[in-house]
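K.L.:
The structure follows.
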Amino acid sequence: MPGFVLLARDRRDGDPTMRIGYTVTKKIGNAVVRNRMKRRLRALARELLPQAGLAGSDHVLIGRAGGIERDFALLRAELAKALAKLAR
């Protein structure tokens with residue numbers, strides 16, 4: 001199971017700007033753990049979304065329990081795979 005879930009929705013408003021949102025539930029851990037997970041998600045999005053994201057879409061990354069312990073390179077590969085799947 002990946003360390004996050006990626007949702008994307010086309011806004012269909014003619015604006016090519018990509019938007020991103022992050023969420024991590026309290027089930028993941030306390031505030032320190034949730035904030036760490038959000039920082040990791042932000043770093044991934046900053047790195048991969050400008051090239052592989054869908055223009056004119058809202059992207060939401062939902063942190064999952066395994067994401068905080070998972071290696072960052074593995075998370076990057078999972079996000080790249082998810083974005084490639086969306087592009088199809």
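Each chain in the structure tokens gets a letter, A, B and so on, in the order shown; residues start at 1 in every chain, and ligands are counted from 1 in the order they appear.
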Skipping near chain neighbours, those fewer than 6 positions away, what residues fall within 7 Å of range 67-77 of chain A using only C-alpha atoms, listed as a list in words?

P.N.:
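The neighbour list is Gly3, Phe4, Met37 and Leu44 of chain A.
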
K.L.:
Just the residues within 9 Å of Leu54 in chain A, please, counting only C-alpha atoms, with nothing from its chain fewer than 3 positions along; format it as a list in words.

P.N.:
Ala8, Arg9, Asp10, Pro16, Thr17, Met18, Leu49, Pro50, Gln51, Ser57, Asp58, His59, Leu83, Leu86 and Ala87 of chain A

K.L.:
Given only C-alpha atoms as the basis, pick out the residue of A:Ala84, A:Ala52, A:Ala31, A:Ile62 nearest to Leu7 in chain A.

P.N.:
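Nearest to Leu7 in chain A: A:Ile62.
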
K.L.:
Write out as number ranges by chain all residues of chain A that DSSP puts in strand (DSSP E or B) for this structure's backbone.

P.N.:
A: 4-10, 19-24, 57-63
